[in-house]
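Q: Shown below is the structure under consideration.
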Amino acid sequence: MIKIPKGTKDVLPSNSAKWHLVEENIKKLAKKYALNEIRTPIFEHTELFLRGVGDTTDIVNKEMYTFLDKADRSITLKPEGTACVARSFIENGLDSAGVMPVKMYYETPVFRYENPQSGRLREHHQFGVEIYGSASAYTDAEVISIAKDMLESMQVANVKLYINSIGCADCRKKYNEALRTYLANSLDSMCPQCKERFDKNPLRILDCKEDKCKLVTKSAPRILDYLCGDCKDHFDKLKHTLDLMNILYTVKADIVRGLDYYTGTVFEFVAEDVGLTVCGGGRYNGLLEQIGGKPTPAVGFGMGIERLLQVANADLIDSATPNVPTIYFAPMQEYYDKAISLTAMLREAGISADTDHIGRSLKAQMKYAGKLGVRFVGILGEDELKQDAVSIKDMQIGETQLVKIADLINYIEKKVN
Ligand code: ATP
Ligand code: MG
């Protein structure tokens with residue numbers, strides 16, 4: 001038997017309504033915050049991620065699905081959304097000064113060759129927001145408030161917002177020096193990748209998931225103590241704006257985020273009860289320039305939808321149920337034609353209706369309708385049709401009533417509302 005690839009999941013018909021609930025909330029949010037959707041291809045030229053995500057990240061180092069196409073081009077399945085949005089933004093000339101800021105969102109599959117474990121898939125989905133063209137801390141706060149609003153709409157319990165600033169290139173230069181000095185004597189006890197990061201980008205060592213590296217970085221110097229005046233100012237303004245918005249936060253100095261492109265603000269939302277990071281984001285003022293665009297300030301986040309569903313309120317999630325017909329016509333064998341035309345009539349009136357497709361006995365049809373959980377079964381037999389009527393069984397209360405076909409639409413509409 002052919003099985004699903006490791007680290008991937010099907011969304012089954014019985015479960016897709018839960019995804020639709022998330023998607024409806026995304027759409028509501030987009031209206032409220034005036035965000036417009038951007039859709040980019042599933043694959044891009046590998047170079048985009050080498051330049052846009054950075055070669056000291058887990059993603060580029062070990063997680064990308066990269067292959068040569070038939071014309072020997074190196075292609076990579078999207079390992080994150082931001083670089084793709086940035087590429088499209090530049091390529092489509094959305095960066096003309098007069099229209100900024102541009103407020104965008106996306107929902108996309110993301111592919112990462114990871115070790116599948118709880119909360120870690122090889123194909124997952126992200127809801128993301130990107131606001132380009134504003135360097136203001138107000139925009140950072142707005143992006144954070146959008147993420148928070150989304151988590152609230154899914155009633156995620158006990159989520160905590162952690163914020164940090166990793167400064168600009170200048171702050172980071174000074175900080176990296178301090179960090180190197182601090183780490184120099186411990187190099188031997190760190191993982192091979194961190195040894196490499198030590199030269200290329202020591203800040204990334206703070207994001208390493210290996211216990212031995214975590215141990216070493218436990219009392220490392222804090223980037224917040226190395227911020228320049230402007231970066232410190234920006235971070236203070238962010239905190240002030242979050243206060244204005246009544247958004248609680250905790251400053252956490254070891255949040256550096258997994259990607260190389262961040263500058264200044266970084267943040268994460270963690271569902272504390274399960275210890276899952278559901279959302280991560282920040283500012284990346286250098287990204288657009290790095291992949292060939294004009295210097296453009298940018299801020300955004302990515303939220304894992306599978307993880308969101310994992311931590312969302314269970315009752316809310318369970319309230320999203322599959323589509324079931326409101327009325328199911330159960331005809332005796334000789335009245336199939338009537339059932340088909342009544343089904344069509346109700347559908348035309350905008351009522352969800354269905355009838356037997358496979359020639360079951362009346363008893364079997366009733367059983368099937370019960371299993372589906374339909375509200376009304378319309379029984380079509382000789383007695384009913386003689387009177388131009390249908391016996392409507394309300395499955396919720398178990399009562400049956402004879403309803404004239406001419407009154408049927410009215411009857412169902414009244415009952416349902
Ligand atoms: P981590 O440090 O846990 O590896 P990350 O820094 O790689 O996270 P991001 O690239 O910021 O994560 O992705 C944004 C969000 O997407 C995460 O907060 C998480 O909710 C989700 N996510 C990331 N990787 C996976 C995965 N492999 N499977 C499921 N969800 C994921
Ligand atoms: Mg990761």
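Every chain in the structure tokens has a letter given in the order shown (A, B, ...), and although residue numbers restart at 1 in each chain, ligands are simply numbered from 1 in the order shown.
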Taking only C-alpha atoms and all ligand atoms into account, which residues are within 10 Å of ligand 1, as a ChimeraX atom specification?
A: /A:7-8,53,57-59,63,79-82,110-128,207-209,255-259,267-270,276-282,301-308
Q: For the selection just defined, write its residues with C-alpha atoms to a file, as a PDB file, in the first residue's frame.
A:
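Below is the file result-v6.pdb, written as the result:
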ATOM      1  CA  GLY A   7       5.950  14.292   8.308  1.00  0.00           C
ATOM      2  CA  THR A   8       2.905  15.160   6.193  1.00  0.00           C
ATOM      3  CA  VAL A  53      16.806  33.428   4.555  1.00  0.00           C
ATOM      4  CA  THR A  57      19.907  29.159   9.463  1.00  0.00           C
ATOM      5  CA  ASP A  58      18.539  25.683  10.139  1.00  0.00           C
ATOM      6  CA  ILE A  59      16.207  26.159   7.203  1.00  0.00           C
ATOM      7  CA  GLU A  63      15.755  21.714   5.967  1.00  0.00           C
ATOM      8  CA  PRO A  79      10.457  26.763   3.319  1.00  0.00           C
ATOM      9  CA  GLU A  80       8.842  29.978   4.617  1.00  0.00           C
ATOM     10  CA  GLY A  81       6.641  32.758   3.291  1.00  0.00           C
ATOM     11  CA  THR A  82       8.516  35.990   3.825  1.00  0.00           C
ATOM     12  CA  VAL A 110       5.616  25.387   3.943  1.00  0.00           C
ATOM     13  CA  PHE A 111       8.083  22.566   3.366  1.00  0.00           C
ATOM     14  CA  ARG A 112      10.936  21.750   5.717  1.00  0.00           C
ATOM     15  CA  TYR A 113      12.937  18.563   5.934  1.00  0.00           C
ATOM     16  CA  GLU A 114      12.705  18.219   9.705  1.00  0.00           C
ATOM     17  CA  ASN A 115      12.719  15.316  12.095  1.00  0.00           C
ATOM     18  CA  PRO A 116       9.010  14.697  12.458  1.00  0.00           C
ATOM     19  CA  GLN A 117       7.959  14.911  16.115  1.00  0.00           C
ATOM     20  CA  SER A 118       5.211  16.600  18.040  1.00  0.00           C
ATOM     21  CA  GLY A 119       4.416  19.932  16.396  1.00  0.00           C
ATOM     22  CA  ARG A 120       7.056  19.477  13.707  1.00  0.00           C
ATOM     23  CA  LEU A 121       5.965  18.484  10.233  1.00  0.00           C
ATOM     24  CA  ARG A 122       7.663  18.314   6.839  1.00  0.00           C
ATOM     25  CA  GLU A 123       4.713  20.055   5.276  1.00  0.00           C
ATOM     26  CA  HIS A 124       2.928  22.541   7.484  1.00  0.00           C
ATOM     27  CA  HIS A 125       0.866  25.643   6.770  1.00  0.00           C
ATOM     28  CA  GLN A 126       1.427  29.203   7.801  1.00  0.00           C
ATOM     29  CA  PHE A 127      -0.779  32.217   8.085  1.00  0.00           C
ATOM     30  CA  GLY A 128       1.490  35.215   7.741  1.00  0.00           C
ATOM     31  CA  ASP A 207      18.761  29.822  18.843  1.00  0.00           C
ATOM     32  CA  CYS A 208      20.443  26.385  18.847  1.00  0.00           C
ATOM     33  CA  LYS A 209      18.215  23.591  20.115  1.00  0.00           C
ATOM     34  CA  ILE A 255      14.694  35.300  21.386  1.00  0.00           C
ATOM     35  CA  VAL A 256      16.717  35.792  18.223  1.00  0.00           C
ATOM     36  CA  ARG A 257      14.422  34.002  15.750  1.00  0.00           C
ATOM     37  CA  GLY A 258      15.479  31.368  13.296  1.00  0.00           C
ATOM     38  CA  LEU A 259      16.122  33.517  10.258  1.00  0.00           C
ATOM     39  CA  PHE A 267       8.689  38.331  18.935  1.00  0.00           C
ATOM     40  CA  GLU A 268       7.054  35.003  19.625  1.00  0.00           C
ATOM     41  CA  PHE A 269       3.700  33.862  20.934  1.00  0.00           C
ATOM     42  CA  VAL A 270       3.942  30.720  23.044  1.00  0.00           C
ATOM     43  CA  LEU A 276       4.422  25.356  21.761  1.00  0.00           C
ATOM     44  CA  THR A 277       5.521  28.417  19.830  1.00  0.00           C
ATOM     45  CA  VAL A 278       2.565  29.166  17.564  1.00  0.00           C
ATOM     46  CA  CYS A 279       3.767  32.369  16.010  1.00  0.00           C
ATOM     47  CA  GLY A 280       7.064  34.095  15.377  1.00  0.00           C
ATOM     48  CA  GLY A 281       7.870  37.352  13.715  1.00  0.00           C
ATOM     49  CA  GLY A 282       9.736  40.579  13.722  1.00  0.00           C
ATOM     50  CA  PHE A 301       5.000  37.194  11.336  1.00  0.00           C
ATOM     51  CA  GLY A 302       4.353  33.568  10.476  1.00  0.00           C
ATOM     52  CA  MET A 303       1.828  31.493  12.420  1.00  0.00           C
ATOM     53  CA  GLY A 304       1.737  27.706  12.163  1.00  0.00           C
ATOM     54  CA  ILE A 305      -1.830  26.628  11.418  1.00  0.00           C
ATOM     55  CA  GLU A 306      -1.396  23.007  12.533  1.00  0.00           C
ATOM     56  CA  ARG A 307      -0.007  24.254  15.835  1.00  0.00           C
ATOM     57  CA  LEU A 308      -2.803  26.817  16.065  1.00  0.00           C
TER      58      LEU A 308
END
Q: Fewer than 5 positions away in the same chain doesn't count, so skip those; otherwise give me all residues within 9 Å of segment 407-414 of chain A, counting only C-alpha atoms, as a ChimeraX atom specification.
A: /A:326-327,345-346,349,351,376,389-390
Q: Among segment 235-273 of chain A, which ones does DSSP assign to strand (DSSP E) (computed from the backbone)? Answer as number ranges by chain.
A: A: 250-251, 265-271
Q: Could those selected residues go to a file with N, CA, C and O atoms, as an mmCIF file, in the first residue's frame?
A:
data_model
loop_
_atom_site.group_PDB
_atom_site.id
_atom_site.type_symbol
_atom_site.label_atom_id
_atom_site.label_comp_id
_atom_site.auth_asym_id
_atom_site.auth_seq_id
_atom_site.Cartn_x
_atom_site.Cartn_y
_atom_site.Cartn_z
ATOM 1 N N THR A 250 6.346 40.064 27.615
ATOM 2 C CA THR A 250 7.502 39.814 28.463
ATOM 3 C C THR A 250 8.736 39.983 27.592
ATOM 4 O O THR A 250 8.788 39.422 26.493
ATOM 5 N N VAL A 251 9.690 40.749 28.061
ATOM 6 C CA VAL A 251 10.932 40.895 27.300
ATOM 7 C C VAL A 251 11.789 39.663 27.574
ATOM 8 O O VAL A 251 11.996 39.279 28.717
ATOM 9 N N THR A 265 13.124 44.556 16.210
ATOM 10 C CA THR A 265 12.088 43.792 16.901
ATOM 11 C C THR A 265 12.006 42.327 16.484
ATOM 12 O O THR A 265 11.962 42.010 15.288
ATOM 13 N N VAL A 266 11.982 41.435 17.463
ATOM 14 C CA VAL A 266 11.612 40.036 17.221
ATOM 15 C C VAL A 266 10.597 39.645 18.286
ATOM 16 O O VAL A 266 10.624 40.184 19.390
ATOM 17 N N PHE A 267 9.682 38.738 17.934
ATOM 18 C CA PHE A 267 8.689 38.331 18.935
ATOM 19 C C PHE A 267 8.196 36.916 18.679
ATOM 20 O O PHE A 267 8.342 36.381 17.575
ATOM 21 N N GLU A 268 7.654 36.333 19.725
ATOM 22 C CA GLU A 268 7.054 35.003 19.625
ATOM 23 C C GLU A 268 5.830 34.932 20.524
ATOM 24 O O GLU A 268 5.811 35.550 21.590
ATOM 25 N N PHE A 269 4.831 34.190 20.072
ATOM 26 C CA PHE A 269 3.700 33.862 20.934
ATOM 27 C C PHE A 269 3.818 32.382 21.298
ATOM 28 O O PHE A 269 3.936 31.540 20.404
ATOM 29 N N VAL A 270 3.795 32.103 22.586
ATOM 30 C CA VAL A 270 3.942 30.720 23.044
ATOM 31 C C VAL A 270 2.676 30.306 23.793
ATOM 32 O O VAL A 270 2.204 31.038 24.666
ATOM 33 N N ALA A 271 2.123 29.149 23.412
ATOM 34 C CA ALA A 271 1.015 28.574 24.184
ATOM 35 C C ALA A 271 1.659 27.838 25.353
ATOM 36 O O ALA A 271 2.191 26.746 25.183
#
Q: Where in segment 98-163 of chain A does DSSP assign alpha helix (DSSP H), given as a PDB file with N, CA and C atoms, in the first residue's frame?
A:
ATOM      1  N   ALA A 137       7.608  52.015  14.969  1.00  0.00           N
ATOM      2  CA  ALA A 137       7.352  50.975  15.980  1.00  0.00           C
ATOM      3  C   ALA A 137       5.857  50.714  16.104  1.00  0.00           C
ATOM      4  N   TYR A 138       5.048  51.702  15.712  1.00  0.00           N
ATOM      5  CA  TYR A 138       3.601  51.500  15.720  1.00  0.00           C
ATOM      6  C   TYR A 138       3.239  50.312  14.816  1.00  0.00           C
ATOM      7  N   THR A 139       3.939  50.205  13.680  1.00  0.00           N
ATOM      8  CA  THR A 139       3.641  49.104  12.749  1.00  0.00           C
ATOM      9  C   THR A 139       4.030  47.752  13.360  1.00  0.00           C
ATOM     10  N   ASP A 140       5.157  47.710  14.079  1.00  0.00           N
ATOM     11  CA  ASP A 140       5.526  46.471  14.782  1.00  0.00           C
ATOM     12  C   ASP A 140       4.390  46.060  15.723  1.00  0.00           C
ATOM     13  N   ALA A 141       3.893  47.070  16.460  1.00  0.00           N
ATOM     14  CA  ALA A 141       2.835  46.790  17.439  1.00  0.00           C
ATOM     15  C   ALA A 141       1.560  46.338  16.736  1.00  0.00           C
ATOM     16  N   GLU A 142       1.276  46.950  15.593  1.00  0.00           N
ATOM     17  CA  GLU A 142       0.070  46.536  14.863  1.00  0.00           C
ATOM     18  C   GLU A 142       0.182  45.081  14.403  1.00  0.00           C
ATOM     19  N   VAL A 143       1.351  44.722  13.884  1.00  0.00           N
ATOM     20  CA  VAL A 143       1.557  43.340  13.443  1.00  0.00           C
ATOM     21  C   VAL A 143       1.369  42.380  14.627  1.00  0.00           C
ATOM     22  N   ILE A 144       1.920  42.749  15.759  1.00  0.00           N
ATOM     23  CA  ILE A 144       1.763  41.924  16.960  1.00  0.00           C
ATOM     24  C   ILE A 144       0.284  41.836  17.349  1.00  0.00           C
ATOM     25  N   SER A 145      -0.430  42.958  17.212  1.00  0.00           N
ATOM     26  CA  SER A 145      -1.843  42.942  17.611  1.00  0.00           C
ATOM     27  C   SER A 145      -2.681  42.071  16.668  1.00  0.00           C
ATOM     28  N   ILE A 146      -2.269  42.001  15.415  1.00  0.00           N
ATOM     29  CA  ILE A 146      -2.986  41.128  14.472  1.00  0.00           C
ATOM     30  C   ILE A 146      -2.806  39.662  14.878  1.00  0.00           C
ATOM     31  N   ALA A 147      -1.568  39.307  15.195  1.00  0.00           N
ATOM     32  CA  ALA A 147      -1.296  37.924  15.619  1.00  0.00           C
ATOM     33  C   ALA A 147      -2.093  37.603  16.886  1.00  0.00           C
ATOM     34  N   LYS A 148      -2.120  38.555  17.797  1.00  0.00           N
ATOM     35  CA  LYS A 148      -2.825  38.333  19.059  1.00  0.00           C
ATOM     36  C   LYS A 148      -4.321  38.162  18.807  1.00  0.00           C
ATOM     37  N   ASP A 149      -4.862  38.998  17.929  1.00  0.00           N
ATOM     38  CA  ASP A 149      -6.273  38.940  17.581  1.00  0.00           C
ATOM     39  C   ASP A 149      -6.614  37.559  17.001  1.00  0.00           C
ATOM     40  N   MET A 150      -5.733  37.066  16.140  1.00  0.00           N
ATOM     41  CA  MET A 150      -5.959  35.751  15.531  1.00  0.00           C
ATOM     42  C   MET A 150      -5.986  34.663  16.606  1.00  0.00           C
ATOM     43  N   LEU A 151      -5.023  34.720  17.514  1.00  0.00           N
ATOM     44  CA  LEU A 151      -4.966  33.710  18.578  1.00  0.00           C
ATOM     45  C   LEU A 151      -6.203  33.803  19.465  1.00  0.00           C
ATOM     46  N   GLU A 152      -6.677  35.029  19.687  1.00  0.00           N
ATOM     47  CA  GLU A 152      -7.892  35.198  20.492  1.00  0.00           C
ATOM     48  C   GLU A 152      -9.117  34.658  19.772  1.00  0.00           C
ATOM     49  N   SER A 153      -9.154  34.868  18.457  1.00  0.00           N
ATOM     50  CA  SER A 153     -10.324  34.389  17.712  1.00  0.00           C
ATOM     51  C   SER A 153     -10.419  32.867  17.762  1.00  0.00           C
TER      52      SER A 153
END
Q: Hey, what's within 12 Å of segment 182-188 of chain A if we count only C-alpha atoms and toss same-chain stuff fewer than 2 positions away? As an MDAnalysis selection string, please?
A: chainID A and resid 175:180 190:199 202:203 205:206 212:222
Q: Output the selection as a tab-separated table (two decimals), in the first residue's frame - N, CA, C and O atoms for each residue.
A:
chain	number	residue	atom	x	y	z
A	175	TYR	N	27.78	43.46	19.58
A	175	TYR	CA	27.30	42.34	20.40
A	175	TYR	C	27.99	41.04	20.00
A	175	TYR	O	28.39	40.25	20.86
A	176	ASN	N	28.13	40.81	18.70
A	176	ASN	CA	28.78	39.58	18.24
A	176	ASN	C	30.20	39.46	18.79
A	176	ASN	O	30.64	38.37	19.14
A	177	GLU	N	30.88	40.61	18.87
A	177	GLU	CA	32.23	40.60	19.45
A	177	GLU	C	32.19	40.14	20.90
A	177	GLU	O	32.95	39.27	21.33
A	178	ALA	N	31.26	40.74	21.64
A	178	ALA	CA	31.13	40.39	23.06
A	178	ALA	C	30.78	38.92	23.22
A	178	ALA	O	31.29	38.22	24.10
A	179	LEU	N	29.89	38.46	22.33
A	179	LEU	CA	29.44	37.07	22.40
A	179	LEU	C	30.60	36.12	22.07
A	179	LEU	O	30.79	35.09	22.73
A	180	ARG	N	31.38	36.48	21.07
A	180	ARG	CA	32.54	35.66	20.70
A	180	ARG	C	33.51	35.55	21.86
A	180	ARG	O	34.02	34.47	22.16
A	190	MET	N	30.51	22.76	22.10
A	190	MET	CA	29.32	23.10	21.31
A	190	MET	C	29.18	22.20	20.07
A	190	MET	O	30.15	21.55	19.66
A	191	CYS	N	27.98	22.20	19.47
A	191	CYS	CA	27.73	21.34	18.30
A	191	CYS	C	28.51	21.89	17.10
A	191	CYS	O	28.85	23.07	17.07
A	192	PRO	N	28.79	21.01	16.11
A	192	PRO	CA	29.59	21.44	14.95
A	192	PRO	C	29.00	22.66	14.26
A	192	PRO	O	29.72	23.54	13.81
A	193	GLN	N	27.65	22.71	14.21
A	193	GLN	CA	27.02	23.83	13.51
A	193	GLN	C	27.26	25.15	14.22
A	193	GLN	O	27.47	26.18	13.60
A	194	CYS	N	27.22	25.09	15.53
A	194	CYS	CA	27.46	26.32	16.30
A	194	CYS	C	28.92	26.77	16.15
A	194	CYS	O	29.21	27.96	16.18
A	195	LYS	N	29.81	25.79	16.01
A	195	LYS	CA	31.22	26.16	15.79
A	195	LYS	C	31.33	26.98	14.51
A	195	LYS	O	32.08	27.95	14.43
A	196	GLU	N	30.54	26.55	13.52
A	196	GLU	CA	30.54	27.28	12.25
A	196	GLU	C	29.90	28.66	12.43
A	196	GLU	O	30.37	29.66	11.92
A	197	ARG	N	28.78	28.67	13.19
A	197	ARG	CA	28.08	29.93	13.44
A	197	ARG	C	28.98	30.92	14.18
A	197	ARG	O	28.82	32.13	14.03
A	198	PHE	N	29.87	30.36	15.01
A	198	PHE	CA	30.76	31.21	15.80
A	198	PHE	C	31.50	32.20	14.90
A	198	PHE	O	31.65	33.37	15.23
A	199	ASP	N	31.92	31.72	13.74
A	199	ASP	CA	32.63	32.61	12.82
A	199	ASP	C	31.66	33.45	12.00
A	199	ASP	O	31.82	34.64	11.84
A	202	PRO	N	27.49	34.56	15.20
A	202	PRO	CA	27.40	33.97	16.55
A	202	PRO	C	26.04	34.16	17.22
A	202	PRO	O	25.63	33.34	18.04
A	203	LEU	N	25.31	35.21	16.82
A	203	LEU	CA	23.99	35.43	17.40
A	203	LEU	C	23.10	34.20	17.25
A	203	LEU	O	22.30	33.87	18.13
A	205	ILE	N	23.78	31.25	17.51
A	205	ILE	CA	24.06	30.20	18.49
A	205	ILE	C	23.00	30.22	19.61
A	205	ILE	O	22.63	29.19	20.15
A	206	LEU	N	22.46	31.41	19.88
A	206	LEU	CA	21.45	31.53	20.94
A	206	LEU	C	20.17	30.78	20.58
A	206	LEU	O	19.35	30.50	21.45
A	212	LYS	N	23.61	20.97	24.90
A	212	LYS	CA	24.96	21.38	25.30
A	212	LYS	C	25.23	22.84	24.91
A	212	LYS	O	25.92	23.56	25.63
A	213	CYS	N	24.64	23.27	23.78
A	213	CYS	CA	24.83	24.67	23.38
A	213	CYS	C	24.00	25.60	24.26
A	213	CYS	O	24.44	26.69	24.62
A	214	LYS	N	22.80	25.13	24.59
A	214	LYS	CA	21.94	25.94	25.47
A	214	LYS	C	22.63	26.19	26.80
A	214	LYS	O	22.53	27.28	27.37
A	215	LEU	N	23.31	25.17	27.27
A	215	LEU	CA	24.00	25.26	28.56
A	215	LEU	C	25.07	26.35	28.49
A	215	LEU	O	25.22	27.17	29.40
A	216	VAL	N	25.80	26.35	27.39
A	216	VAL	CA	26.89	27.33	27.23
A	216	VAL	C	26.34	28.75	27.17
A	216	VAL	O	26.90	29.68	27.75
A	217	THR	N	25.20	28.93	26.47
A	217	THR	CA	24.71	30.30	26.23
A	217	THR	C	23.85	30.83	27.39
A	217	THR	O	23.41	31.97	27.36
A	218	LYS	N	23.65	29.99	28.39
A	218	LYS	CA	22.74	30.34	29.48
A	218	LYS	C	23.04	31.71	30.09
A	218	LYS	O	22.12	32.51	30.31
A	219	SER	N	24.31	31.98	30.37
A	219	SER	CA	24.59	33.29	30.97
A	219	SER	C	25.41	34.18	30.04
A	219	SER	O	26.25	34.97	30.47
A	220	ALA	N	25.12	34.05	28.74
A	220	ALA	CA	25.79	34.89	27.73
A	220	ALA	C	25.36	36.35	27.89
A	220	ALA	O	24.31	36.63	28.46
A	221	PRO	N	26.16	37.30	27.38
A	221	PRO	CA	25.73	38.70	27.40
A	221	PRO	C	24.41	38.88	26.65
A	221	PRO	O	24.09	38.08	25.77
A	222	ARG	N	23.64	39.89	27.02
A	222	ARG	CA	22.32	40.12	26.42
A	222	ARG	C	22.41	41.19	25.34
A	222	ARG	O	22.95	42.26	25.56
Q: Would you pick out the contacts of Ala34 of chain A at 12 Å or less, using only C-alpha atoms, so that residues sharing its chain but fewer than 2 positions from it are not included, and give the list as an MDAnalysis selection string?
A: chainID A and resid 26:32 36:37 101:105 129:131 142:143 146
Q: Measure the distance from atom CA of Gly300 of chain A to atom CA of Gly93 of chain A in Å and round it to one decimal.
A: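 Atom CA of Gly93 of chain A lies at a distance of 19.3 Å from atom CA of Gly300 of chain A.
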Q: Which residue out of A:Ala312, A:Leu380, A:Ala157, A:Met366 has the minimum interatomic distance to Thr343 of chain A when only C-alpha atoms are used?
A: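 When distances to Thr343 of chain A are compared using only C-alpha atoms, the smallest one comes from A:Leu380.
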